[in-house]
Amino acid sequence: MTTPSDGVLPAAHASEKAAPWPAYVTASLAWHAGAGVFAIAVPASWPWAVAAIAVNHAALTAGGLWPRSRWLGSNWTRLPAHAAARREIAITIDDGPDPAVTPAVLDLLDAQGAKATFFCIGAEARAHPVLCREIVRRGHSVQNHSDRHSRRFSLLGPKAMTRDIAAAQASLAEITGEAPRFFRAPAGLRNPFLAPVLQHLDLQLVSWTRRGFDTMQRAPADVLARLERGLAAGDILLAHDGNAARTPDGAPVLLGVLPALLARATSLGLAAVTLPAASLQQRGDPAGAPAGAAAAESP
Ligand SMILES: [Zn+2]
């Protein structure tokens, strides 16, 4: 992995294509092989070989259960350096589109001239295609958040995982006219198969810098406090229009968070932009970062 300090995406993208498995996974495969050879060469050692493999599996599982980890492959937890240098942040809004919430979210974003990225569920996009198109028409971005948002997503094998992500990709591209370039796993949970699947589909995994827990937390002030804490250039914030918690009087929590969050960003001189805009090396540069701009991984 390379980390461009000046925001220029190097030609390393091509070499990343040739090595889809992260080093940690490659090392795990070697660890398995080594344990197997040892157990065969010294049969009495087999309990140790089994234990060695169990420890390795536990570490891989932990990497998949930690959404912001990069053990299992490239994962944006912040925007690329060139976007941070432009004082950009990305507000990402998951699990929609939801006709009860998304239209009001769009109005709040418009009111402050902010742009956001909507990680839409394929099935929800097919259920509400007009709303999905409206997101794009108003200058925001629609990206891939799986087809079904299955609770079992992180248990899928590579074929089932490919089918699910590709189905969402096809639906979102057909509905919006633009193929997504970024993917977020349901609940951020993964397994070691995801990195090569995303590489095959030319998608960049994105998690977040900070999240508001707005699917569970019913008090907008608490969600706002979590998202605002240490707010800085390059941050990727996670919020929800779909599956949004409701305040005690029934309002979706995000609606009570966005105006103050956007005002706070503006007061800090931060601009909320879409992920595709943030991936551009220069504003308005049509030859900006390629879809799998894994090389732009941020610290
Ligand atoms: Zn989600």
# chains A, B, ... in the order shown; residues from 1 in each chain; ligands from 1

call {"tool": "closest_atom_pairs", "arguments": {"of": "chain A", "to": "ligand 1", "cutoff": "8 Å", "atoms": "only C-alpha atoms and all ligand atoms", "output": "JSON lines"}}
result
{"residue": "A:Asp94", "atom": "CA", "partner": "ligand 1", "partner_atom_place_in_ligand_line": "1 (Zn)", "distance": 5.3}
{"residue": "A:Asp95", "atom": "CA", "partner": "ligand 1", "partner_atom_place_in_ligand_line": "1 (Zn)", "distance": 4.7}
{"residue": "A:Phe119", "atom": "CA", "partner": "ligand 1", "partner_atom_place_in_ligand_line": "1 (Zn)", "distance": 7.8}
{"residue": "A:Ile121", "atom": "CA", "partner": "ligand 1", "partner_atom_place_in_ligand_line": "1 (Zn)", "distance": 7.9}
{"residue": "A:His145", "atom": "CA", "partner": "ligand 1", "partner_atom_place_in_ligand_line": "1 (Zn)", "distance": 6.7}
{"residue": "A:His149", "atom": "CA", "partner": "ligand 1", "partner_atom_place_in_ligand_line": "1 (Zn)", "distance": 6.4}
{"residue": "A:Arg184", "atom": "CA", "partner": "ligand 1", "partner_atom_place_in_ligand_line": "1 (Zn)", "distance": 7.8}
{"residue": "A:Ala185", "atom": "CA", "partner": "ligand 1", "partner_atom_place_in_ligand_line": "1 (Zn)", "distance": 7.2}
{"residue": "A:Pro186", "atom": "CA", "partner": "ligand 1", "partner_atom_place_in_ligand_line": "1 (Zn)", "distance": 4.6}
{"residue": "A:Ala187", "atom": "CA", "partner": "ligand 1", "partner_atom_place_in_ligand_line": "1 (Zn)", "distance": 5.2}
{"residue": "A:Gly188", "atom": "CA", "partner": "ligand 1", "partner_atom_place_in_ligand_line": "1 (Zn)", "distance": 7.6}
{"residue": "A:His240", "atom": "CA", "partner": "ligand 1", "partner_atom_place_in_ligand_line": "1 (Zn)", "distance": 7.7}
{"residue": "A:Gly242", "atom": "CA", "partner": "ligand 1", "partner_atom_place_in_ligand_line": "1 (Zn)", "distance": 8.0}

call {"tool": "write_last_selection", "arguments": {"atoms": "N, CA, C and O atoms", "output": "PDB file, in the first residue's frame"}}
result
ATOM      1  N   ASP A  94     -26.592   6.224   5.278  1.00  0.00           N
ATOM      2  CA  ASP A  94     -26.760   4.811   4.910  1.00  0.00           C
ATOM      3  C   ASP A  94     -28.202   4.308   5.027  1.00  0.00           C
ATOM      4  O   ASP A  94     -29.026   4.870   5.745  1.00  0.00           O
ATOM      5  N   ASP A  95     -28.419   3.185   4.334  1.00  0.00           N
ATOM      6  CA  ASP A  95     -29.591   2.308   4.501  1.00  0.00           C
ATOM      7  C   ASP A  95     -30.852   2.777   3.782  1.00  0.00           C
ATOM      8  O   ASP A  95     -31.908   2.161   3.912  1.00  0.00           O
ATOM      9  N   PHE A 119     -25.223   5.850   0.828  1.00  0.00           N
ATOM     10  CA  PHE A 119     -24.945   4.427   0.621  1.00  0.00           C
ATOM     11  C   PHE A 119     -26.286   3.706   0.647  1.00  0.00           C
ATOM     12  O   PHE A 119     -26.849   3.430   1.718  1.00  0.00           O
ATOM     13  N   ILE A 121     -29.193   0.777  -0.236  1.00  0.00           N
ATOM     14  CA  ILE A 121     -29.396  -0.672  -0.324  1.00  0.00           C
ATOM     15  C   ILE A 121     -30.073  -0.946  -1.671  1.00  0.00           C
ATOM     16  O   ILE A 121     -31.059  -0.276  -2.025  1.00  0.00           O
ATOM     17  N   HIS A 145     -24.373  -0.132  -0.914  1.00  0.00           N
ATOM     18  CA  HIS A 145     -24.402  -0.612   0.481  1.00  0.00           C
ATOM     19  C   HIS A 145     -25.005  -2.014   0.527  1.00  0.00           C
ATOM     20  O   HIS A 145     -25.768  -2.322   1.440  1.00  0.00           O
ATOM     21  N   HIS A 149     -28.676  -5.841   2.550  1.00  0.00           N
ATOM     22  CA  HIS A 149     -28.271  -5.451   3.901  1.00  0.00           C
ATOM     23  C   HIS A 149     -28.474  -6.619   4.866  1.00  0.00           C
ATOM     24  O   HIS A 149     -29.024  -6.460   5.967  1.00  0.00           O
ATOM     25  N   ARG A 184     -19.828   0.135   1.041  1.00  0.00           N
ATOM     26  CA  ARG A 184     -19.757   0.029   2.509  1.00  0.00           C
ATOM     27  C   ARG A 184     -20.469  -1.251   2.911  1.00  0.00           C
ATOM     28  O   ARG A 184     -21.595  -1.505   2.484  1.00  0.00           O
ATOM     29  N   ALA A 185     -19.831  -2.059   3.752  1.00  0.00           N
ATOM     30  CA  ALA A 185     -20.414  -3.325   4.184  1.00  0.00           C
ATOM     31  C   ALA A 185     -21.537  -3.068   5.190  1.00  0.00           C
ATOM     32  O   ALA A 185     -21.459  -2.120   5.971  1.00  0.00           O
ATOM     33  N   PRO A 186     -22.597  -3.898   5.162  1.00  0.00           N
ATOM     34  CA  PRO A 186     -23.652  -3.767   6.167  1.00  0.00           C
ATOM     35  C   PRO A 186     -23.058  -3.826   7.571  1.00  0.00           C
ATOM     36  O   PRO A 186     -22.318  -4.755   7.895  1.00  0.00           O
ATOM     37  N   ALA A 187     -23.376  -2.811   8.369  1.00  0.00           N
ATOM     38  CA  ALA A 187     -22.848  -2.676   9.733  1.00  0.00           C
ATOM     39  C   ALA A 187     -21.316  -2.617   9.766  1.00  0.00           C
ATOM     40  O   ALA A 187     -20.703  -2.686  10.826  1.00  0.00           O
ATOM     41  N   GLY A 188     -20.706  -2.497   8.597  1.00  0.00           N
ATOM     42  CA  GLY A 188     -19.243  -2.412   8.535  1.00  0.00           C
ATOM     43  C   GLY A 188     -18.545  -3.734   8.769  1.00  0.00           C
ATOM     44  O   GLY A 188     -17.326  -3.782   8.873  1.00  0.00           O
ATOM     45  N   HIS A 240     -27.626   7.943   9.173  1.00  0.00           N
ATOM     46  CA  HIS A 240     -28.618   7.060   8.526  1.00  0.00           C
ATOM     47  C   HIS A 240     -29.903   7.803   8.173  1.00  0.00           C
ATOM     48  O   HIS A 240     -30.430   8.554   9.001  1.00  0.00           O
ATOM     49  N   GLY A 242     -32.197   5.554   6.206  1.00  0.00           N
ATOM     50  CA  GLY A 242     -32.904   4.299   6.434  1.00  0.00           C
ATOM     51  C   GLY A 242     -32.598   3.786   7.836  1.00  0.00           C
ATOM     52  O   GLY A 242     -31.533   4.084   8.389  1.00  0.00           O
TER      53      GLY A 242
END

call {"tool": "closest_atom_pairs", "arguments": {"of": "range 23-100 of chain A", "to": "range 198-202 of chain A", "cutoff": "12 Å", "atoms": "only C-alpha atoms", "output": "JSON lines"}}
result
{"residue": "A:Leu72", "atom": "CA", "partner": "A:Leu198", "partner_atom": "CA", "distance": 11.7}
{"residue": "A:Gly73", "atom": "CA", "partner": "A:Leu198", "partner_atom": "CA", "distance": 9.9}
{"residue": "A:Ser74", "atom": "CA", "partner": "A:Gln199", "partner_atom": "CA", "distance": 9.7}
{"residue": "A:Asn75", "atom": "CA", "partner": "A:Leu198", "partner_atom": "CA", "distance": 10.9}

call {"tool": "atom_distance", "arguments": {"atom1": "CA of Val42 in chain A", "atom2": "CA of Thr26 in chain A"}}
result
24.2 Å

call {"tool": "select_by_dssp", "arguments": {"residues": "range 140-269 of chain A", "states": "helix (DSSP H, G or I)", "output": "short mmCIF file (atom, residue, chain, number, x, y, z; two decimals) with all heavy atoms, in the first residue's frame"}}
result
data_model
loop_
_atom_site.label_atom_id
_atom_site.label_comp_id
_atom_site.auth_asym_id
_atom_site.auth_seq_id
_atom_site.Cartn_x
_atom_site.Cartn_y
_atom_site.Cartn_z
N PHE A 153 -24.22 -10.93 6.10
CA PHE A 153 -23.30 -10.55 5.03
C PHE A 153 -21.87 -11.00 5.33
O PHE A 153 -21.18 -11.54 4.46
CB PHE A 153 -23.34 -9.03 4.81
CG PHE A 153 -22.44 -8.57 3.70
CD1 PHE A 153 -22.86 -8.61 2.38
CD2 PHE A 153 -21.14 -8.13 3.96
CE1 PHE A 153 -22.03 -8.21 1.34
CE2 PHE A 153 -20.30 -7.73 2.94
CZ PHE A 153 -20.75 -7.78 1.63
N SER A 154 -21.42 -10.80 6.56
CA SER A 154 -20.01 -11.11 6.88
C SER A 154 -19.77 -12.61 6.98
O SER A 154 -18.63 -13.04 7.18
CB SER A 154 -19.59 -10.42 8.18
OG SER A 154 -20.31 -10.96 9.26
N LEU A 155 -20.84 -13.42 6.84
CA LEU A 155 -20.67 -14.88 6.85
C LEU A 155 -20.70 -15.45 5.44
O LEU A 155 -20.53 -16.66 5.25
CB LEU A 155 -21.79 -15.53 7.68
CG LEU A 155 -21.91 -15.06 9.13
CD1 LEU A 155 -23.11 -15.71 9.82
CD2 LEU A 155 -20.62 -15.35 9.91
N PRO A 158 -17.27 -16.12 -1.08
CA PRO A 158 -16.97 -15.15 -2.15
C PRO A 158 -18.03 -15.12 -3.25
O PRO A 158 -18.33 -14.04 -3.78
CB PRO A 158 -15.62 -15.62 -2.68
CG PRO A 158 -15.41 -17.00 -2.15
CD PRO A 158 -16.21 -17.10 -0.89
N LYS A 159 -18.63 -16.27 -3.60
CA LYS A 159 -19.63 -16.26 -4.68
C LYS A 159 -20.90 -15.52 -4.25
O LYS A 159 -21.42 -14.69 -4.99
CB LYS A 159 -19.97 -17.69 -5.10
CG LYS A 159 -18.93 -18.31 -6.00
CD LYS A 159 -19.39 -19.63 -6.55
CE LYS A 159 -18.31 -20.21 -7.47
NZ LYS A 159 -18.54 -21.60 -7.80
N ALA A 160 -21.40 -15.84 -3.08
CA ALA A 160 -22.63 -15.18 -2.60
C ALA A 160 -22.39 -13.70 -2.37
O ALA A 160 -23.25 -12.85 -2.65
CB ALA A 160 -23.10 -15.85 -1.31
N MET A 161 -21.19 -13.37 -1.89
CA MET A 161 -20.86 -11.97 -1.65
C MET A 161 -20.81 -11.20 -2.99
O MET A 161 -21.34 -10.09 -3.11
CB MET A 161 -19.50 -11.91 -0.96
CG MET A 161 -19.26 -10.67 -0.14
SD MET A 161 -17.71 -10.85 0.78
CE MET A 161 -18.33 -11.06 2.43
N THR A 162 -20.20 -11.82 -3.99
CA THR A 162 -20.14 -11.20 -5.31
C THR A 162 -21.54 -11.00 -5.87
O THR A 162 -21.85 -9.93 -6.41
CB THR A 162 -19.31 -12.07 -6.29
OG1 THR A 162 -18.00 -12.24 -5.75
CG2 THR A 162 -19.23 -11.44 -7.66
N ARG A 163 -22.38 -12.04 -5.75
CA ARG A 163 -23.76 -11.93 -6.27
C ARG A 163 -24.49 -10.77 -5.63
O ARG A 163 -25.14 -9.98 -6.30
CB ARG A 163 -24.53 -13.23 -5.99
CG ARG A 163 -24.49 -14.25 -7.12
CD ARG A 163 -25.62 -15.28 -6.97
NE ARG A 163 -25.62 -15.94 -5.68
CZ ARG A 163 -24.88 -17.00 -5.37
NH1 ARG A 163 -24.07 -17.52 -6.28
NH2 ARG A 163 -24.93 -17.54 -4.17
N ASP A 164 -24.38 -10.65 -4.31
CA ASP A 164 -25.11 -9.60 -3.59
C ASP A 164 -24.63 -8.21 -4.00
O ASP A 164 -25.44 -7.33 -4.33
CB ASP A 164 -24.94 -9.80 -2.08
CG ASP A 164 -25.72 -8.77 -1.29
OD1 ASP A 164 -26.90 -9.05 -0.98
OD2 ASP A 164 -25.18 -7.69 -1.00
N ILE A 165 -23.34 -8.01 -3.99
CA ILE A 165 -22.80 -6.67 -4.28
C ILE A 165 -23.05 -6.31 -5.75
O ILE A 165 -23.41 -5.18 -6.07
CB ILE A 165 -21.30 -6.60 -3.94
CG1 ILE A 165 -21.09 -6.88 -2.45
CG2 ILE A 165 -20.73 -5.24 -4.31
CD1 ILE A 165 -19.63 -7.03 -2.05
N ALA A 166 -22.89 -7.31 -6.63
CA ALA A 166 -23.08 -7.05 -8.07
C ALA A 166 -24.55 -6.75 -8.37
O ALA A 166 -24.85 -5.93 -9.26
CB ALA A 166 -22.60 -8.25 -8.89
N ALA A 167 -25.48 -7.38 -7.66
CA ALA A 167 -26.90 -7.09 -7.88
C ALA A 167 -27.21 -5.64 -7.52
O ALA A 167 -27.92 -4.93 -8.26
CB ALA A 167 -27.76 -8.05 -7.04
N ALA A 168 -26.69 -5.18 -6.39
CA ALA A 168 -26.89 -3.78 -6.00
C ALA A 168 -26.23 -2.86 -7.01
O ALA A 168 -26.80 -1.83 -7.41
CB ALA A 168 -26.32 -3.53 -4.60
N GLN A 169 -25.03 -3.24 -7.44
CA GLN A 169 -24.29 -2.41 -8.39
C GLN A 169 -25.10 -2.23 -9.69
O GLN A 169 -25.23 -1.12 -10.21
CB GLN A 169 -22.94 -3.09 -8.68
CG GLN A 169 -21.95 -2.27 -9.45
CD GLN A 169 -21.30 -1.19 -8.59
OE1 GLN A 169 -21.63 -1.02 -7.42
NE2 GLN A 169 -20.42 -0.42 -9.20
N ALA A 170 -25.68 -3.34 -10.19
CA ALA A 170 -26.45 -3.29 -11.44
C ALA A 170 -27.70 -2.42 -11.25
O ALA A 170 -28.02 -1.58 -12.10
CB ALA A 170 -26.83 -4.70 -11.87
N SER A 171 -28.40 -2.61 -10.13
CA SER A 171 -29.63 -1.83 -9.90
C SER A 171 -29.32 -0.34 -9.76
O SER A 171 -29.99 0.50 -10.36
CB SER A 171 -30.34 -2.31 -8.63
OG SER A 171 -30.88 -3.58 -8.82
N LEU A 172 -28.32 -0.02 -8.97
CA LEU A 172 -28.01 1.39 -8.72
C LEU A 172 -27.53 2.08 -10.00
O LEU A 172 -27.88 3.22 -10.27
CB LEU A 172 -26.97 1.51 -7.61
CG LEU A 172 -27.44 1.02 -6.23
CD1 LEU A 172 -26.28 0.97 -5.24
CD2 LEU A 172 -28.56 1.90 -5.69
N ALA A 173 -26.73 1.36 -10.80
CA ALA A 173 -26.25 1.94 -12.05
C ALA A 173 -27.42 2.17 -13.02
O ALA A 173 -27.50 3.21 -13.68
CB ALA A 173 -25.21 1.01 -12.69
N GLU A 174 -28.34 1.20 -13.07
CA GLU A 174 -29.47 1.34 -13.99
C GLU A 174 -30.39 2.48 -13.54
O GLU A 174 -30.86 3.27 -14.36
CB GLU A 174 -30.24 0.02 -14.06
CG GLU A 174 -31.31 0.04 -15.13
CD GLU A 174 -32.16 -1.23 -15.12
OE1 GLU A 174 -31.66 -2.26 -14.64
OE2 GLU A 174 -33.31 -1.15 -15.58
N ILE A 175 -30.64 2.58 -12.25
CA ILE A 175 -31.59 3.58 -11.73
C ILE A 175 -31.01 4.99 -11.85
O ILE A 175 -31.69 5.93 -12.26
CB ILE A 175 -31.96 3.26 -10.27
CG1 ILE A 175 -32.82 2.00 -10.23
CG2 ILE A 175 -32.68 4.43 -9.62
CD1 ILE A 175 -33.00 1.41 -8.84
N THR A 176 -29.74 5.15 -11.46
CA THR A 176 -29.17 6.51 -11.42
C THR A 176 -28.41 6.89 -12.68
O THR A 176 -28.13 8.06 -12.90
CB THR A 176 -28.17 6.65 -10.24
OG1 THR A 176 -27.03 5.81 -10.51
CG2 THR A 176 -28.81 6.25 -8.92
N PRO A 186 -22.60 -3.90 5.16
CA PRO A 186 -23.65 -3.77 6.17
C PRO A 186 -23.06 -3.83 7.57
O PRO A 186 -22.32 -4.75 7.90
CB PRO A 186 -24.56 -4.98 5.90
CG PRO A 186 -24.33 -5.29 4.46
CD PRO A 186 -22.88 -4.97 4.20
N ALA A 187 -23.38 -2.81 8.37
CA ALA A 187 -22.85 -2.68 9.73
C ALA A 187 -21.32 -2.62 9.77
O ALA A 187 -20.70 -2.69 10.83
CB ALA A 187 -23.35 -3.79 10.65
N GLY A 188 -20.71 -2.50 8.60
CA GLY A 188 -19.24 -2.41 8.53
C GLY A 188 -18.55 -3.73 8.77
O GLY A 188 -17.33 -3.78 8.87
N LEU A 194 -13.93 -10.31 1.23
CA LEU A 194 -14.47 -9.06 0.67
C LEU A 194 -13.46 -8.31 -0.20
O LEU A 194 -13.82 -7.81 -1.27
CB LEU A 194 -14.98 -8.14 1.79
CG LEU A 194 -15.62 -6.84 1.29
CD1 LEU A 194 -16.83 -7.11 0.41
CD2 LEU A 194 -16.03 -5.95 2.47
N ALA A 195 -12.21 -8.23 0.22
CA ALA A 195 -11.23 -7.42 -0.52
C ALA A 195 -11.09 -7.87 -1.97
O ALA A 195 -11.20 -7.04 -2.88
CB ALA A 195 -9.88 -7.43 0.20
N PRO A 196 -10.88 -9.18 -2.24
CA PRO A 196 -10.77 -9.56 -3.66
C PRO A 196 -12.08 -9.40 -4.42
O PRO A 196 -12.06 -9.08 -5.62
CB PRO A 196 -10.33 -11.03 -3.61
CG PRO A 196 -10.54 -11.48 -2.21
CD PRO A 196 -10.51 -10.27 -1.33
N VAL A 197 -13.23 -9.57 -3.74
CA VAL A 197 -14.51 -9.36 -4.42
C VAL A 197 -14.64 -7.90 -4.84
O VAL A 197 -15.03 -7.60 -5.98
CB VAL A 197 -15.69 -9.78 -3.50
CG1 VAL A 197 -17.02 -9.28 -4.06
CG2 VAL A 197 -15.72 -11.29 -3.33
N LEU A 198 -14.32 -6.99 -3.95
CA LEU A 198 -14.43 -5.57 -4.28
C LEU A 198 -13.45 -5.19 -5.38
O LEU A 198 -13.77 -4.38 -6.26
CB LEU A 198 -14.17 -4.70 -3.04
CG LEU A 198 -15.23 -4.76 -1.95
CD1 LEU A 198 -14.90 -3.77 -0.84
CD2 LEU A 198 -16.63 -4.48 -2.51
N GLN A 199 -12.27 -5.78 -5.35
CA GLN A 199 -11.31 -5.47 -6.40
C GLN A 199 -11.83 -5.94 -7.76
O GLN A 199 -11.71 -5.24 -8.76
CB GLN A 199 -9.97 -6.12 -6.09
CG GLN A 199 -8.92 -5.71 -7.13
CD GLN A 199 -7.53 -5.88 -6.59
OE1 GLN A 199 -7.18 -6.96 -6.17
NE2 GLN A 199 -6.74 -4.83 -6.61
N HIS A 200 -12.42 -7.13 -7.76
CA HIS A 200 -12.99 -7.66 -9.00
C HIS A 200 -14.08 -6.74 -9.54
O HIS A 200 -14.22 -6.55 -10.76
CB HIS A 200 -13.55 -9.07 -8.72
CG HIS A 200 -14.27 -9.68 -9.86
ND1 HIS A 200 -13.63 -10.04 -11.03
CD2 HIS A 200 -15.58 -9.99 -10.04
CE1 HIS A 200 -14.52 -10.55 -11.87
NE2 HIS A 200 -15.71 -10.53 -11.29
N PRO A 220 -31.12 13.64 19.38
CA PRO A 220 -30.27 14.29 18.37
C PRO A 220 -29.03 14.95 18.97
O PRO A 220 -27.97 14.92 18.35
CB PRO A 220 -31.22 15.33 17.74
CG PRO A 220 -32.58 14.74 17.91
CD PRO A 220 -32.55 14.03 19.23
N ALA A 221 -29.16 15.52 20.16
CA ALA A 221 -28.00 16.20 20.76
C ALA A 221 -26.85 15.22 21.01
O ALA A 221 -25.67 15.58 20.83
CB ALA A 221 -28.42 16.87 22.07
N ASP A 222 -27.17 14.00 21.39
CA ASP A 222 -26.12 13.00 21.64
C ASP A 222 -25.45 12.57 20.35
O ASP A 222 -24.23 12.37 20.28
CB ASP A 222 -26.69 11.78 22.37
CG ASP A 222 -27.11 12.11 23.79
OD1 ASP A 222 -26.72 13.19 24.28
OD2 ASP A 222 -27.84 11.30 24.40
N VAL A 223 -26.27 12.37 19.30
CA VAL A 223 -25.72 11.99 17.99
C VAL A 223 -24.83 13.12 17.47
O VAL A 223 -23.71 12.88 16.99
CB VAL A 223 -26.87 11.69 16.99
CG1 VAL A 223 -26.31 11.46 15.58
CG2 VAL A 223 -27.66 10.46 17.47
N LEU A 224 -25.32 14.34 17.58
CA LEU A 224 -24.55 15.51 17.12
C LEU A 224 -23.22 15.59 17.87
O LEU A 224 -22.17 15.82 17.25
CB LEU A 224 -25.37 16.78 17.35
CG LEU A 224 -24.68 18.08 16.95
CD1 LEU A 224 -24.44 18.12 15.44
CD2 LEU A 224 -25.53 19.29 17.38
N ALA A 225 -23.24 15.39 19.16
CA ALA A 225 -22.01 15.49 19.96
C ALA A 225 -20.99 14.46 19.49
O ALA A 225 -19.79 14.76 19.39
CB ALA A 225 -22.33 15.30 21.45
N ARG A 226 -21.46 13.25 19.19
CA ARG A 226 -20.53 12.21 18.71
C ARG A 226 -19.91 12.59 17.36
O ARG A 226 -18.72 12.39 17.14
CB ARG A 226 -21.28 10.88 18.54
CG ARG A 226 -21.51 10.15 19.82
CD ARG A 226 -21.76 8.67 19.52
NE ARG A 226 -21.88 7.93 20.76
CZ ARG A 226 -23.05 7.74 21.40
NH1 ARG A 226 -24.15 8.22 20.89
NH2 ARG A 226 -23.09 7.07 22.52
N LEU A 227 -20.75 13.11 16.45
CA LEU A 227 -20.25 13.43 15.10
C LEU A 227 -19.36 14.66 15.11
O LEU A 227 -18.42 14.76 14.32
CB LEU A 227 -21.43 13.63 14.14
CG LEU A 227 -22.26 12.38 13.84
CD1 LEU A 227 -23.49 12.72 13.03
CD2 LEU A 227 -21.41 11.33 13.10
N GLU A 228 -19.64 15.60 16.00
CA GLU A 228 -18.90 16.87 16.02
C GLU A 228 -17.56 16.77 16.75
O GLU A 228 -16.69 17.61 16.55
CB GLU A 228 -19.71 17.93 16.78
CG GLU A 228 -20.71 18.66 15.96
CD GLU A 228 -21.29 19.83 16.75
OE1 GLU A 228 -21.17 19.85 18.00
OE2 GLU A 228 -21.83 20.72 16.11
N VAL A 253 -34.10 10.95 13.74
CA VAL A 253 -33.03 11.64 14.49
C VAL A 253 -32.15 12.51 13.59
O VAL A 253 -31.79 13.63 13.95
CB VAL A 253 -32.18 10.59 15.25
CG1 VAL A 253 -30.88 11.20 15.74
CG2 VAL A 253 -32.97 10.04 16.42
N LEU A 254 -31.83 12.01 12.39
CA LEU A 254 -30.91 12.75 11.52
C LEU A 254 -31.42 14.16 11.22
O LEU A 254 -30.63 15.08 11.07
CB LEU A 254 -30.69 11.96 10.22
CG LEU A 254 -29.74 12.59 9.20
CD1 LEU A 254 -28.36 12.84 9.80
CD2 LEU A 254 -29.62 11.72 7.96
N LEU A 255 -32.75 14.31 11.14
CA LEU A 255 -33.30 15.63 10.80
C LEU A 255 -33.00 16.64 11.91
O LEU A 255 -32.90 17.84 11.64
CB LEU A 255 -34.81 15.54 10.56
CG LEU A 255 -35.24 14.54 9.48
CD1 LEU A 255 -36.75 14.63 9.24
CD2 LEU A 255 -34.48 14.78 8.18
N GLY A 256 -32.85 16.16 13.13
CA GLY A 256 -32.53 17.05 14.23
C GLY A 256 -31.03 17.27 14.39
O GLY A 256 -30.60 18.07 15.22
N VAL A 257 -30.25 16.56 13.60
CA VAL A 257 -28.78 16.62 13.71
C VAL A 257 -28.17 17.47 12.60
O VAL A 257 -27.25 18.26 12.82
CB VAL A 257 -28.19 15.19 13.66
CG1 VAL A 257 -26.68 15.21 13.56
CG2 VAL A 257 -28.64 14.38 14.87
N LEU A 258 -28.68 17.28 11.39
CA LEU A 258 -28.02 17.84 10.20
C LEU A 258 -27.83 19.36 10.24
O LEU A 258 -26.72 19.83 9.94
CB LEU A 258 -28.80 17.45 8.94
CG LEU A 258 -28.25 16.28 8.12
CD1 LEU A 258 -29.07 16.14 6.83
CD2 LEU A 258 -26.78 16.45 7.79
N PRO A 259 -28.88 20.16 10.56
CA PRO A 259 -28.66 21.62 10.50
C PRO A 259 -27.50 22.07 11.38
O PRO A 259 -26.64 22.84 10.94
CB PRO A 259 -30.01 22.19 10.98
CG PRO A 259 -31.00 21.13 10.63
CD PRO A 259 -30.28 19.82 10.87
N ALA A 260 -27.45 21.59 12.60
CA ALA A 260 -26.37 22.01 13.51
C ALA A 260 -25.02 21.45 13.06
O ALA A 260 -23.99 22.13 13.16
CB ALA A 260 -26.68 21.55 14.93
N LEU A 261 -25.01 20.23 12.54
CA LEU A 261 -23.76 19.63 12.07
C LEU A 261 -23.19 20.42 10.89
O LEU A 261 -21.99 20.71 10.85
CB LEU A 261 -24.00 18.17 11.67
CG LEU A 261 -22.79 17.41 11.14
CD1 LEU A 261 -21.70 17.29 12.21
CD2 LEU A 261 -23.20 16.02 10.65
N LEU A 262 -24.06 20.76 9.95
CA LEU A 262 -23.61 21.51 8.77
C LEU A 262 -23.15 22.91 9.17
O LEU A 262 -22.16 23.43 8.63
CB LEU A 262 -24.73 21.58 7.73
CG LEU A 262 -25.10 20.23 7.09
CD1 LEU A 262 -26.35 20.36 6.22
CD2 LEU A 262 -23.94 19.68 6.27
N ALA A 263 -23.85 23.52 10.12
CA ALA A 263 -23.44 24.85 10.58
C ALA A 263 -22.07 24.78 11.26
O ALA A 263 -21.22 25.66 11.07
CB ALA A 263 -24.49 25.40 11.55
N ARG A 264 -21.86 23.73 12.01
CA ARG A 264 -20.57 23.54 12.69
C ARG A 264 -19.44 23.37 11.66
O ARG A 264 -18.36 23.95 11.79
CB ARG A 264 -20.65 22.30 13.59
CG ARG A 264 -19.37 21.91 14.25
CD ARG A 264 -19.08 22.79 15.43
NE ARG A 264 -17.89 22.33 16.14
CZ ARG A 264 -17.01 23.15 16.71
NH1 ARG A 264 -17.19 24.44 16.66
NH2 ARG A 264 -15.97 22.66 17.34
N ALA A 265 -19.72 22.57 10.62
CA ALA A 265 -18.71 22.37 9.57
C ALA A 265 -18.38 23.70 8.90
O ALA A 265 -17.20 24.04 8.70
CB ALA A 265 -19.22 21.36 8.54
N THR A 266 -19.41 24.47 8.59
CA THR A 266 -19.19 25.76 7.93
C THR A 266 -18.36 26.68 8.83
O THR A 266 -17.44 27.37 8.36
CB THR A 266 -20.54 26.42 7.61
OG1 THR A 266 -21.27 25.54 6.75
CG2 THR A 266 -20.35 27.76 6.90
N SER A 267 -18.65 26.68 10.12
CA SER A 267 -17.92 27.56 11.04
C SER A 267 -16.44 27.18 11.13
O SER A 267 -15.59 28.01 11.47
CB SER A 267 -18.57 27.54 12.43
OG SER A 267 -18.24 26.32 13.09
#

call {"tool": "closest_residue", "arguments": {"among": "A:Ala111, A:Val105, A:Val50, A:Ala58", "to": "Glu134 in chain A", "atoms": "only C-alpha atoms"}}
result
A:Val105

call {"tool": "atom_distance", "arguments": {"atom1": "CA of Ile53 in chain A", "atom2": "CA of Arg68 in chain A"}}
result
24.0 Å

call {"tool": "closest_residue", "arguments": {"among": "A:Lys115, A:His128, A:His32, A:His57", "to": "Ala277 in chain A", "atoms": "only C-alpha atoms"}}
result
A:Lys115

call {"tool": "atom_distance", "arguments": {"atom1": "CA of Leu275 in chain A", "atom2": "CA of Leu79 in chain A"}}
result
8.0 Å

call {"tool": "closest_residue", "arguments": {"among": "A:Ala114, A:Ala219, A:Ala278, A:Leu268", "to": "Arg78 in chain A", "atoms": "only C-alpha atoms"}}
result
A:Ala278

call {"tool": "closest_residue", "arguments": {"among": "A:Phe38, A:Trp31, A:Trp46, A:Phe193", "to": "Leu156 in chain A", "atoms": "only C-alpha atoms"}}
result
A:Phe193

call {"tool": "select_by_dssp", "arguments": {"residues": "range 17-152 of chain A", "states": "strand (DSSP E or B)", "output": "number ranges by chain"}}
result
A: 76, 78, 88-94, 117-120, 141-144
